[in-house]
There are 2 protein chains.
Amino acid sequence: MKALVYDGTLSLKELDVPVPKKDEALIRVELAGICNTDLEVARGYLGFSGVLGHEFVGVVEACDDRSIVGKRVVGEINIPCGACEYCSAGLQKHCRNISILGISKWNGAFAEYVVLPINNLHIVPEAVPGEKAVFVEPLAAALHVFESVWVKPSSKLMIIGDGKLGLLISMVASSLGISHTLVGKHPERFALVENRLTRTVYNDESLRLLQSHDIIVEATGNEHGMKLALNAVKPTGIIVLKSTYAHTPSVDLSVVAVNELRIVGSRCGPFREAIEFLEQGRVDPMRLIECVFDFDQAVDAARFAQSRLKVLLRMWCT
Amino acid sequence: MKALVYDGTLSLKELDVPVPKKDEALIRVELAGICNTDLEVARGYLGFSGVLGHEFVGVVEACDDRSIVGKRVVGEINIPCGACEYCSAGLQKHCRNISILGISKWNGAFAEYVVLPINNLHIVPEAVPGEKAVFVEPLAAALHVFESVWVKPSSKLMIIGDGKLGLLISMVASSLGISHTLVGKHPERFALVENRLTRTVYNDESLRLLQSHDIIVEATGNEHGMKLALNAVKPTGIIVLKSTYAHTPSVDLSVVAVNELRIVGSRCGPFREAIEFLEQGRVDPMRLIECVFDFDQAVDAARFAQSRLKVLLRMWCT
């Protein structure tokens with residue numbers, strides 16, 4: 001099978017089709033999405049070597065559990081050991097021996113076939129097309145913001161970052177009836193999310209947001225976003241941290257203590273709810289798609305995806 | 001009156017006795033405590049110029065409210081404007097126009113007399129000697145940790161830092177029946193807090209605390225303490241940040257997002273409860289006193305206080 005492999009350089013390679021173990025399924029990948037994390041992996045930042053990709057939709061081709069063969073599925077990316085003290089404590093997504101699809105110790109979904117534990121799979125309803133289903137993983141991550149902190153009707157919410165994740169979080173906020181401000185640097189993207197609940201603000205050097213918001217979602221992935229968040233959040237307010245950073249940022253922690261702020265880290269979210277949101281048409285992430293590349297062009301696609309909205313790879317057409 | 005003034009250099013000066021306005025009281029200071037913040041002020045870090053000091057006990061000498069004249073009092077350090085949007089929202093301690101006793105825009109208590117709003121004062125019960133009452137402010141700050149996060153009976157709590165604040169937090173934890181580990185660099189101080197609830201650990205380079213604690217209190221005031229906290233806290237765990245930092249530290253925020261940590265800033269605490277704790281003998285901070293200087297020696301005392309436990313200044317004897 002063809003697979004997009006990073007092993008110091010990024011290239012399409014011909015690999016053997018993987019063989020699922022007991023309790024695992026072989027999935028024929030239909031569509032996959034390129035995420036900023038993939039681009040970080042492809043720059044060597046995460047020390048991963050293997051097949052990239054963790055956002056996908058595909059069809060179960062082989063599996064001991066016959067009932068799911070032929071079903072269209074998406075898959076959770078964390079593969080816990082099930083035995084360590086974190087797994088025992090219900091913290092499987094923080095397993096000490098975790099493998100992560102296409103990110104750590106587990107070959108990813110930028111391939112014609114991928115293997116995942118059956119437990120990781122979620123069946124996608126007929127009504128959800130592949131171009132939406134491929135967003136389940138990032139949409140779940142966006143939903144997780146609202147599983148992490150209580151946004152009250154009176155809360156002044158600000159989302160910083162108009163990348164893929166920031167825009168998805170804005171869409172989810174709107175679908176939950178939450179008024180909010182989105183701060184970004186790409187005014188051409190604002191129309192993708194603007195509605196009566198969403199105010200968009202261009203982030204230039206003159207932007208002053210002096211301690212005026214109850215809850216800030218930091219989704220820029222850069223140090224400047226965190227500085228803006230610390231500047232914009234009210235005393236006793238909350239910063240939800242969705243970003244990971246290639247380098248270790250300098251952070252004014254004194255203001256966290258003095259202003260009694262709360263910083264809440266947030267990562268992967270609930271697939272089940274994300275699928276429901278798509279099925280019910282509560283968000284439409286398809287408007288974030290900039291381009292769909294044939295899988296043969298995967299290396300070009302990865303290059304193109306830099307600083308873009310969503311770029312998809314199509315392995316085959318239904 | 002004599003007062004310890006910082007105006008670029010630190011010196012004892014002769015100043016006029018301050019005149020209280022309506023709703024303010026003139027207090028004759030009996031004892032005052034030197035805090036690390038005072039030492040930072042005296043290095044010019046906070047941009048303050050004036051009389052230092054914010055931990056004190058004294059007697060009300062003059063005040064429109066005759067009922068409190070002659071009473072022994074301690075005083076909250078934040079003087080809010082009462083009119084801004086934070087004050088209106090009940091966030092007086094984060095007032096936009098705040099003055100802070102001996103720290104920002106308000107002359108402090110390292111003087112024979114100090115003025116404070118009547119609203120800031122708390123009467124000290126007879127049973128609490130001055131050498132305990134002078135700890136109300138830092139004890140309240142220690143208590144605030146347990147007003148900020150819920151430490152369950154099963155929570156694995158670690159306090160990092162065996163300075164004055166770390167030791168007080170350990171004492172409060174013990175008084176609340178909370179088992180905990182105290183990490184410090186001064187083994188000679190461990191006996192001050194050790195009991196069947198408190199395990200002490202020496203923090204040297206070999207210390208490994210791999211993601212094993214539910215709640216960490218960071219009370220070192222240095223970057224290394226925060227690194228240790230991030231290393232010691234479990235995924236989904238909480239770091240209570242008591243420290244302020246003279247410089248802006250580098251912080252691995254990615255681990256905050258990936259491990260879904262919570263960082264909770266904590267500052268000043270409840271005076272009323274701190275006084276009760278002292279009255280009921282639930283903690284005995286007097287053991288933290290290293291030395292009591294006559295106020296004439298205040299400049300030497302400030303020099304001596306560097307890296308020490310509590311150093312007091314005595315203005316007069318009852």
# chains A, B, ... in the order shown; residues from 1 in each chain; ligands from 1
call {"tool": "interface_residues", "arguments": {"of": "chain B", "to": "chain A", "cutoff": "7 Å", "atoms": "only C-alpha atoms", "output": "number ranges by chain"}}
result
B: 94, 235, 241-245, 248-254, 256-267
call {"tool": "calpha_fit_and_write", "arguments": {"fixed": "chain A", "moving": "chain B", "output": "short mmCIF file (atom, residue, chain, number, x, y, z; two decimals) with C-alpha atoms, in the first residue's frame"}}
result
data_model
loop_
_atom_site.label_atom_id
_atom_site.label_comp_id
_atom_site.auth_asym_id
_atom_site.auth_seq_id
_atom_site.Cartn_x
_atom_site.Cartn_y
_atom_site.Cartn_z
CA MET B 1 0.04 -0.03 0.01
CA LYS B 2 1.02 3.63 -0.40
CA ALA B 3 1.78 5.57 2.77
CA LEU B 4 3.10 9.05 3.61
CA VAL B 5 6.11 8.37 5.76
CA TYR B 6 8.34 10.67 7.78
CA ASP B 7 11.72 9.20 8.57
CA GLY B 8 13.87 12.31 8.52
CA THR B 9 12.36 13.28 5.18
CA LEU B 10 8.78 13.10 4.00
CA SER B 11 7.92 10.77 1.14
CA LEU B 12 5.31 8.42 -0.27
CA LYS B 13 6.46 4.85 0.25
CA GLU B 14 5.20 1.41 -0.64
CA LEU B 15 4.60 -0.54 2.59
CA ASP B 16 3.00 -3.87 3.45
CA VAL B 17 -0.66 -3.66 4.39
CA PRO B 18 -0.64 -3.86 8.22
CA VAL B 19 -2.12 -6.94 9.88
CA PRO B 20 -4.59 -6.28 12.72
CA LYS B 21 -4.15 -8.18 15.97
CA LYS B 22 -7.04 -9.53 18.01
CA ASP B 23 -9.20 -6.60 19.15
CA GLU B 24 -7.89 -4.48 16.29
CA ALA B 25 -9.44 -3.57 12.96
CA LEU B 26 -7.93 -2.99 9.53
CA ILE B 27 -9.45 0.13 7.99
CA ARG B 28 -9.31 1.19 4.38
CA VAL B 29 -8.80 4.95 4.57
CA GLU B 30 -11.09 7.08 2.42
CA LEU B 31 -10.17 10.62 3.40
CA ALA B 32 -7.65 12.11 5.81
CA GLY B 33 -7.10 15.64 7.09
CA ILE B 34 -3.77 17.40 7.50
CA CYS B 35 -3.39 19.00 10.91
CA ASN B 36 -0.72 21.39 12.13
CA THR B 37 0.57 18.59 14.35
CA ASP B 38 1.33 16.55 11.22
CA LEU B 39 3.40 19.45 9.92
CA GLU B 40 5.27 19.60 13.24
CA VAL B 41 5.90 15.86 13.03
CA ALA B 42 7.17 16.34 9.48
CA ARG B 43 9.67 18.90 10.81
CA GLY B 44 10.94 16.34 13.30
CA TYR B 45 9.67 18.21 16.35
CA LEU B 46 7.97 15.24 17.97
CA GLY B 47 10.61 12.62 17.38
CA PHE B 48 8.23 10.38 15.47
CA SER B 49 9.23 8.18 12.58
CA GLY B 50 6.61 6.32 10.55
CA VAL B 51 3.31 6.89 8.78
CA LEU B 52 1.79 10.30 9.53
CA GLY B 53 -1.84 11.29 10.01
CA HIS B 54 -4.49 11.02 12.69
CA GLU B 55 -7.63 12.61 11.18
CA PHE B 56 -9.41 10.15 8.89
CA VAL B 57 -12.55 8.39 7.85
CA GLY B 58 -12.53 4.93 6.33
CA VAL B 59 -14.24 1.57 6.06
CA VAL B 60 -13.48 -1.46 8.23
CA GLU B 61 -12.03 -4.08 5.95
CA ALA B 62 -11.05 -6.81 8.38
CA CYS B 63 -11.72 -7.45 12.04
CA ASP B 64 -12.56 -10.31 14.45
CA ASP B 65 -15.79 -8.49 15.29
CA ARG B 66 -17.71 -9.24 12.06
CA SER B 67 -20.47 -6.80 12.99
CA ILE B 68 -18.36 -3.79 12.08
CA VAL B 69 -16.77 -5.05 8.88
CA GLY B 70 -17.91 -2.83 6.03
CA LYS B 71 -18.88 0.03 8.37
CA ARG B 72 -17.62 3.53 7.83
CA VAL B 73 -15.68 4.65 10.91
CA VAL B 74 -13.56 7.36 12.46
CA GLY B 75 -11.01 6.57 15.16
CA GLU B 76 -9.80 8.02 18.42
CA ILE B 77 -6.10 8.68 18.26
CA ASN B 78 -4.92 7.63 21.74
CA ILE B 79 -4.07 3.96 22.17
CA PRO B 80 -3.63 3.32 25.90
CA CYS B 81 -1.96 0.27 27.44
CA GLY B 82 -4.94 -0.41 29.69
CA ALA B 83 -2.68 -1.54 32.52
CA CYS B 84 -0.78 1.43 33.98
CA GLU B 85 -1.95 3.44 37.01
CA TYR B 86 -3.39 6.22 34.80
CA CYS B 87 -5.42 3.72 32.77
CA SER B 88 -6.61 2.15 36.02
CA ALA B 89 -7.62 5.62 37.22
CA GLY B 90 -9.71 6.27 34.11
CA LEU B 91 -7.09 8.55 32.55
CA GLN B 92 -6.55 6.39 29.45
CA LYS B 93 -5.84 9.38 27.25
CA HIS B 94 -2.87 10.12 29.51
CA CYS B 95 -1.65 6.51 29.69
CA ARG B 96 2.02 6.25 30.68
CA ASN B 97 2.70 3.87 27.79
CA ILE B 98 0.44 5.58 25.30
CA SER B 99 0.73 5.23 21.56
CA ILE B 100 -0.82 7.96 19.44
CA LEU B 101 -1.97 7.44 15.88
CA GLY B 102 0.54 8.98 13.51
CA ILE B 103 2.20 10.93 16.34
CA SER B 104 3.82 8.47 18.70
CA LYS B 105 4.63 4.77 18.32
CA TRP B 106 1.71 3.93 15.99
CA ASN B 107 1.54 4.22 12.23
CA GLY B 108 -0.95 6.84 11.10
CA ALA B 109 -3.76 7.24 8.62
CA PHE B 110 -1.98 8.89 5.68
CA ALA B 111 -1.99 5.48 4.03
CA GLU B 112 -4.32 3.28 2.09
CA TYR B 113 -4.83 1.17 5.20
CA VAL B 114 -4.53 1.80 8.93
CA VAL B 115 -4.95 -0.42 11.99
CA LEU B 116 -6.61 0.69 15.23
CA PRO B 117 -8.05 -1.06 18.29
CA ILE B 118 -11.76 -1.75 17.85
CA ASN B 119 -12.36 0.23 21.07
CA ASN B 120 -11.09 3.35 19.33
CA LEU B 121 -13.61 3.20 16.49
CA HIS B 122 -16.88 5.11 16.12
CA ILE B 123 -19.33 4.28 13.38
CA VAL B 124 -20.25 7.28 11.23
CA PRO B 125 -23.99 7.69 10.45
CA GLU B 126 -25.05 7.54 6.80
CA ALA B 127 -26.13 11.16 6.90
CA VAL B 128 -22.59 12.40 7.55
CA PRO B 129 -20.49 12.59 4.35
CA GLY B 130 -16.81 11.76 4.46
CA GLU B 131 -15.81 15.42 4.03
CA LYS B 132 -17.53 16.13 7.35
CA ALA B 133 -16.60 12.91 9.12
CA VAL B 134 -12.91 13.64 8.60
CA PHE B 135 -13.39 16.60 10.96
CA VAL B 136 -14.58 14.50 13.90
CA GLU B 137 -11.20 14.48 15.62
CA PRO B 138 -10.54 18.27 15.52
CA LEU B 139 -14.21 19.02 16.18
CA ALA B 140 -14.05 16.84 19.29
CA ALA B 141 -10.97 18.82 20.39
CA ALA B 142 -12.95 22.04 19.88
CA LEU B 143 -15.91 20.68 21.83
CA HIS B 144 -13.59 19.78 24.68
CA VAL B 145 -13.17 23.47 25.50
CA PHE B 146 -16.79 23.48 26.63
CA GLU B 147 -16.31 20.26 28.57
CA SER B 148 -13.36 21.83 30.40
CA VAL B 149 -14.85 25.10 31.66
CA TRP B 150 -18.31 26.34 32.35
CA VAL B 151 -19.13 29.21 30.01
CA LYS B 152 -22.12 30.94 31.58
CA PRO B 153 -24.62 33.00 29.60
CA SER B 154 -23.05 36.11 31.16
CA SER B 155 -19.44 35.04 30.52
CA LYS B 156 -17.44 37.26 28.20
CA LEU B 157 -15.67 34.69 26.00
CA MET B 158 -12.80 35.41 23.66
CA ILE B 159 -11.18 32.95 21.26
CA ILE B 160 -7.68 33.90 20.13
CA GLY B 161 -6.53 32.37 16.86
CA ASP B 162 -8.23 32.01 13.48
CA GLY B 163 -6.49 28.82 12.45
CA LYS B 164 -8.45 25.63 11.88
CA LEU B 165 -8.90 24.96 15.60
CA GLY B 166 -9.82 28.53 16.54
CA LEU B 167 -12.46 28.64 13.81
CA LEU B 168 -13.89 25.28 14.86
CA ILE B 169 -14.07 26.45 18.47
CA SER B 170 -15.89 29.59 17.31
CA MET B 171 -18.35 27.43 15.33
CA VAL B 172 -18.97 25.22 18.35
CA ALA B 173 -19.45 28.27 20.59
CA SER B 174 -22.07 29.63 18.18
CA SER B 175 -23.80 26.26 18.02
CA LEU B 176 -24.01 26.31 21.82
CA GLY B 177 -25.54 29.78 21.74
CA ILE B 178 -22.47 31.41 23.27
CA SER B 179 -21.69 34.99 22.27
CA HIS B 180 -17.98 35.45 21.79
CA THR B 181 -15.20 37.46 20.23
CA LEU B 182 -12.80 35.82 17.78
CA VAL B 183 -9.40 37.47 17.47
CA GLY B 184 -7.46 36.64 14.35
CA LYS B 185 -4.94 37.80 11.77
CA HIS B 186 -6.77 36.62 8.63
CA PRO B 187 -9.77 38.90 8.02
CA GLU B 188 -10.58 36.87 4.90
CA ARG B 189 -11.46 33.98 7.22
CA PHE B 190 -13.82 35.97 9.44
CA ALA B 191 -16.78 35.45 7.05
CA LEU B 192 -16.49 31.69 7.66
CA VAL B 193 -17.69 32.08 11.23
CA GLU B 194 -19.39 35.44 11.49
CA ASN B 195 -22.97 35.46 12.73
CA ARG B 196 -24.94 37.41 15.29
CA LEU B 197 -23.11 35.63 18.16
CA THR B 198 -19.59 36.06 16.78
CA ARG B 199 -17.72 39.33 16.79
CA THR B 200 -14.42 39.23 14.92
CA VAL B 201 -11.46 41.44 15.79
CA TYR B 202 -8.28 41.89 13.80
CA ASN B 203 -5.21 41.33 15.92
CA ASP B 204 -2.66 43.97 15.10
CA GLU B 205 -0.07 45.69 17.24
CA SER B 206 -2.54 48.30 18.42
CA LEU B 207 -4.92 45.73 19.91
CA ARG B 208 -5.57 46.45 23.60
CA LEU B 209 -7.78 44.07 25.52
CA LEU B 210 -7.11 45.15 29.04
CA GLN B 211 -8.30 42.49 31.45
CA SER B 212 -11.83 42.56 30.17
CA HIS B 213 -12.81 38.94 29.43
CA ASP B 214 -13.92 36.17 31.77
CA ILE B 215 -12.71 33.29 29.62
CA ILE B 216 -10.06 33.24 26.91
CA VAL B 217 -9.38 30.31 24.63
CA GLU B 218 -5.76 30.40 23.44
CA ALA B 219 -5.64 28.57 20.10
CA THR B 220 -2.84 30.28 18.22
CA GLY B 221 0.03 27.94 18.98
CA ASN B 222 2.43 30.82 19.42
CA GLU B 223 3.84 32.77 22.33
CA HIS B 224 2.17 35.98 21.23
CA GLY B 225 -1.26 34.39 21.63
CA MET B 226 -0.56 33.56 25.27
CA LYS B 227 0.67 37.12 25.92
CA LEU B 228 -2.53 38.49 24.42
CA ALA B 229 -4.57 36.06 26.53
CA LEU B 230 -2.85 37.21 29.73
CA ASN B 231 -3.53 40.77 28.70
CA ALA B 232 -7.19 40.17 27.86
CA VAL B 233 -8.32 38.05 30.78
CA LYS B 234 -10.00 39.57 33.83
CA PRO B 235 -8.63 38.99 37.31
CA THR B 236 -9.90 35.58 38.55
CA GLY B 237 -10.63 34.71 34.88
CA ILE B 238 -9.78 31.55 32.96
CA ILE B 239 -7.46 30.86 30.04
CA VAL B 240 -8.20 27.62 28.22
CA LEU B 241 -4.98 26.50 26.63
CA LYS B 242 -5.50 24.56 23.41
CA SER B 243 -2.10 25.37 21.99
CA THR B 244 1.02 23.33 21.99
CA TYR B 245 4.23 25.15 21.20
CA ALA B 246 7.23 24.09 19.18
CA HIS B 247 9.46 26.02 21.59
CA THR B 248 9.17 26.77 25.30
CA PRO B 249 7.54 30.18 25.64
CA SER B 250 8.28 32.81 28.29
CA VAL B 251 5.18 33.40 30.36
CA ASP B 252 4.44 36.10 32.92
CA LEU B 253 3.45 33.71 35.68
CA SER B 254 3.45 36.49 38.29
CA VAL B 255 0.29 37.90 36.76
CA VAL B 256 -1.27 34.43 37.06
CA ALA B 257 -0.66 34.45 40.82
CA VAL B 258 -1.39 38.13 41.45
CA ASN B 259 -4.57 38.21 39.35
CA GLU B 260 -5.57 34.74 40.55
CA LEU B 261 -6.04 33.44 37.03
CA ARG B 262 -6.80 29.87 36.08
CA ILE B 263 -5.11 28.20 33.14
CA VAL B 264 -6.87 25.08 31.95
CA GLY B 265 -5.14 22.76 29.50
CA SER B 266 -7.40 21.06 26.99
CA ARG B 267 -6.63 18.42 24.40
CA CYS B 268 -8.62 15.64 22.74
CA GLY B 269 -12.36 15.60 23.08
CA PRO B 270 -15.44 13.40 22.85
CA PHE B 271 -15.91 11.70 19.45
CA ARG B 272 -19.49 10.63 20.16
CA GLU B 273 -20.68 14.23 20.67
CA ALA B 274 -18.67 15.49 17.70
CA ILE B 275 -20.38 12.94 15.45
CA GLU B 276 -23.76 14.02 16.83
CA PHE B 277 -22.98 17.66 16.15
CA LEU B 278 -22.19 16.78 12.54
CA GLU B 279 -25.22 14.52 12.14
CA GLN B 280 -27.52 17.23 13.48
CA GLY B 281 -25.91 19.84 11.27
CA ARG B 282 -25.02 21.97 14.30
CA VAL B 283 -21.69 22.91 12.75
CA ASP B 284 -20.52 22.75 9.18
CA PRO B 285 -16.74 22.35 9.11
CA MET B 286 -16.69 21.70 5.34
CA ARG B 287 -16.36 25.41 4.78
CA LEU B 288 -12.86 25.10 6.29
CA ILE B 289 -11.68 22.86 3.42
CA GLU B 290 -9.24 24.70 1.17
CA CYS B 291 -8.24 21.84 -1.05
CA VAL B 292 -8.58 18.08 -1.52
CA PHE B 293 -5.48 16.40 -2.91
CA ASP B 294 -5.30 13.02 -4.50
CA PHE B 295 -3.17 10.85 -2.23
CA ASP B 296 -0.50 10.53 -4.93
CA GLN B 297 0.14 14.24 -4.34
CA ALA B 298 0.45 13.83 -0.55
CA VAL B 299 3.95 15.34 -0.32
CA ASP B 300 2.83 18.41 -2.25
CA ALA B 301 -0.31 18.56 -0.11
CA ALA B 302 1.77 18.65 3.08
CA ARG B 303 3.81 21.50 1.63
CA PHE B 304 0.66 23.33 0.53
CA ALA B 305 -1.02 22.87 3.93
CA GLN B 306 1.41 25.17 5.73
CA SER B 307 -0.57 28.14 7.17
CA ARG B 308 -3.71 26.99 5.32
CA LEU B 309 -7.12 25.98 6.52
CA LYS B 310 -8.03 22.32 6.07
CA VAL B 311 -6.27 20.32 3.39
CA LEU B 312 -7.59 16.81 2.77
CA LEU B 313 -6.03 13.74 1.21
CA ARG B 314 -8.33 11.44 -0.73
CA MET B 315 -7.21 7.79 -0.83
CA TRP B 316 -10.22 6.55 -2.82
CA CYS B 317 -13.71 7.57 -3.94
CA THR B 318 -16.83 5.80 -2.81
#
call {"tool": "select_by_dssp", "arguments": {"residues": "segment 132-302 of chain A", "states": "helix (DSSP H, G or I)", "output": "number ranges by chain"}}
result
A: 132-133, 136-148, 164-175, 187-190, 223-232, 253-258, 271-279, 285-288, 295-302
call {"tool": "write_last_selection", "arguments": {"atoms": "C-alpha atoms", "output": "mmCIF file, in the first residue's frame"}}
result
data_model
loop_
_atom_site.group_PDB
_atom_site.id
_atom_site.type_symbol
_atom_site.label_atom_id
_atom_site.label_comp_id
_atom_site.auth_asym_id
_atom_site.auth_seq_id
_atom_site.Cartn_x
_atom_site.Cartn_y
_atom_site.Cartn_z
ATOM 1 C CA LYS A 132 -17.547 16.130 7.342
ATOM 2 C CA ALA A 133 -16.604 12.916 9.132
ATOM 3 C CA VAL A 136 -14.593 14.493 13.910
ATOM 4 C CA GLU A 137 -11.195 14.472 15.632
ATOM 5 C CA PRO A 138 -10.537 18.248 15.532
ATOM 6 C CA LEU A 139 -14.202 18.999 16.180
ATOM 7 C CA ALA A 140 -14.045 16.820 19.308
ATOM 8 C CA ALA A 141 -10.963 18.805 20.393
ATOM 9 C CA ALA A 142 -12.931 22.031 19.883
ATOM 10 C CA LEU A 143 -15.902 20.649 21.839
ATOM 11 C CA HIS A 144 -13.571 19.753 24.685
ATOM 12 C CA VAL A 145 -13.168 23.458 25.516
ATOM 13 C CA PHE A 146 -16.788 23.471 26.642
ATOM 14 C CA GLU A 147 -16.310 20.230 28.587
ATOM 15 C CA SER A 148 -13.358 21.822 30.411
ATOM 16 C CA LYS A 164 -8.451 25.598 11.904
ATOM 17 C CA LEU A 165 -8.886 24.934 15.604
ATOM 18 C CA GLY A 166 -9.817 28.500 16.543
ATOM 19 C CA LEU A 167 -12.453 28.627 13.811
ATOM 20 C CA LEU A 168 -13.890 25.251 14.868
ATOM 21 C CA ILE A 169 -14.055 26.431 18.488
ATOM 22 C CA SER A 170 -15.878 29.559 17.302
ATOM 23 C CA MET A 171 -18.341 27.416 15.331
ATOM 24 C CA VAL A 172 -18.962 25.199 18.349
ATOM 25 C CA ALA A 173 -19.450 28.247 20.590
ATOM 26 C CA SER A 174 -22.058 29.595 18.173
ATOM 27 C CA SER A 175 -23.798 26.225 18.011
ATOM 28 C CA PRO A 187 -9.755 38.889 8.029
ATOM 29 C CA GLU A 188 -10.572 36.865 4.906
ATOM 30 C CA ARG A 189 -11.464 33.977 7.225
ATOM 31 C CA PHE A 190 -13.814 35.950 9.445
ATOM 32 C CA GLU A 223 3.850 32.752 22.367
ATOM 33 C CA HIS A 224 2.186 35.961 21.238
ATOM 34 C CA GLY A 225 -1.243 34.368 21.637
ATOM 35 C CA MET A 226 -0.550 33.565 25.281
ATOM 36 C CA LYS A 227 0.674 37.099 25.917
ATOM 37 C CA LEU A 228 -2.519 38.469 24.398
ATOM 38 C CA ALA A 229 -4.569 36.047 26.511
ATOM 39 C CA LEU A 230 -2.856 37.200 29.713
ATOM 40 C CA ASN A 231 -3.534 40.766 28.663
ATOM 41 C CA ALA A 232 -7.183 40.165 27.824
ATOM 42 C CA LEU A 253 3.424 33.754 35.677
ATOM 43 C CA SER A 254 3.433 36.544 38.271
ATOM 44 C CA VAL A 255 0.266 37.946 36.729
ATOM 45 C CA VAL A 256 -1.291 34.471 37.036
ATOM 46 C CA ALA A 257 -0.682 34.511 40.803
ATOM 47 C CA VAL A 258 -1.431 38.199 41.407
ATOM 48 C CA PHE A 271 -15.911 11.708 19.448
ATOM 49 C CA ARG A 272 -19.486 10.628 20.155
ATOM 50 C CA GLU A 273 -20.665 14.214 20.695
ATOM 51 C CA ALA A 274 -18.669 15.490 17.720
ATOM 52 C CA ILE A 275 -20.381 12.936 15.456
ATOM 53 C CA GLU A 276 -23.763 14.004 16.830
ATOM 54 C CA PHE A 277 -22.968 17.660 16.172
ATOM 55 C CA LEU A 278 -22.187 16.783 12.542
ATOM 56 C CA GLU A 279 -25.228 14.534 12.145
ATOM 57 C CA PRO A 285 -16.736 22.333 9.122
ATOM 58 C CA MET A 286 -16.685 21.697 5.345
ATOM 59 C CA ARG A 287 -16.347 25.421 4.789
ATOM 60 C CA LEU A 288 -12.865 25.104 6.295
ATOM 61 C CA PHE A 295 -3.186 10.852 -2.243
ATOM 62 C CA ASP A 296 -0.517 10.545 -4.933
ATOM 63 C CA GLN A 297 0.138 14.262 -4.337
ATOM 64 C CA ALA A 298 0.450 13.864 -0.554
ATOM 65 C CA VAL A 299 3.938 15.366 -0.311
ATOM 66 C CA ASP A 300 2.818 18.433 -2.253
ATOM 67 C CA ALA A 301 -0.314 18.572 -0.112
ATOM 68 C CA ALA A 302 1.764 18.662 3.095
#
call {"tool": "select_by_dssp", "arguments": {"residues": "segment 183-277 of chain A", "states": "strand (DSSP E or B)", "output": "list in words"}}
result
Val183, Gly184, Asn195, Thr198, Arg199, Thr200, Val201, Tyr202, His213, Asp214, Ile215, Ile216, Val217, Glu218, Val233, Lys234, Pro235, Thr236, Gly237, Ile238, Ile239, Val240, Leu241, Ser250, Arg262, Ile263, Val264 and Gly265 of chain A
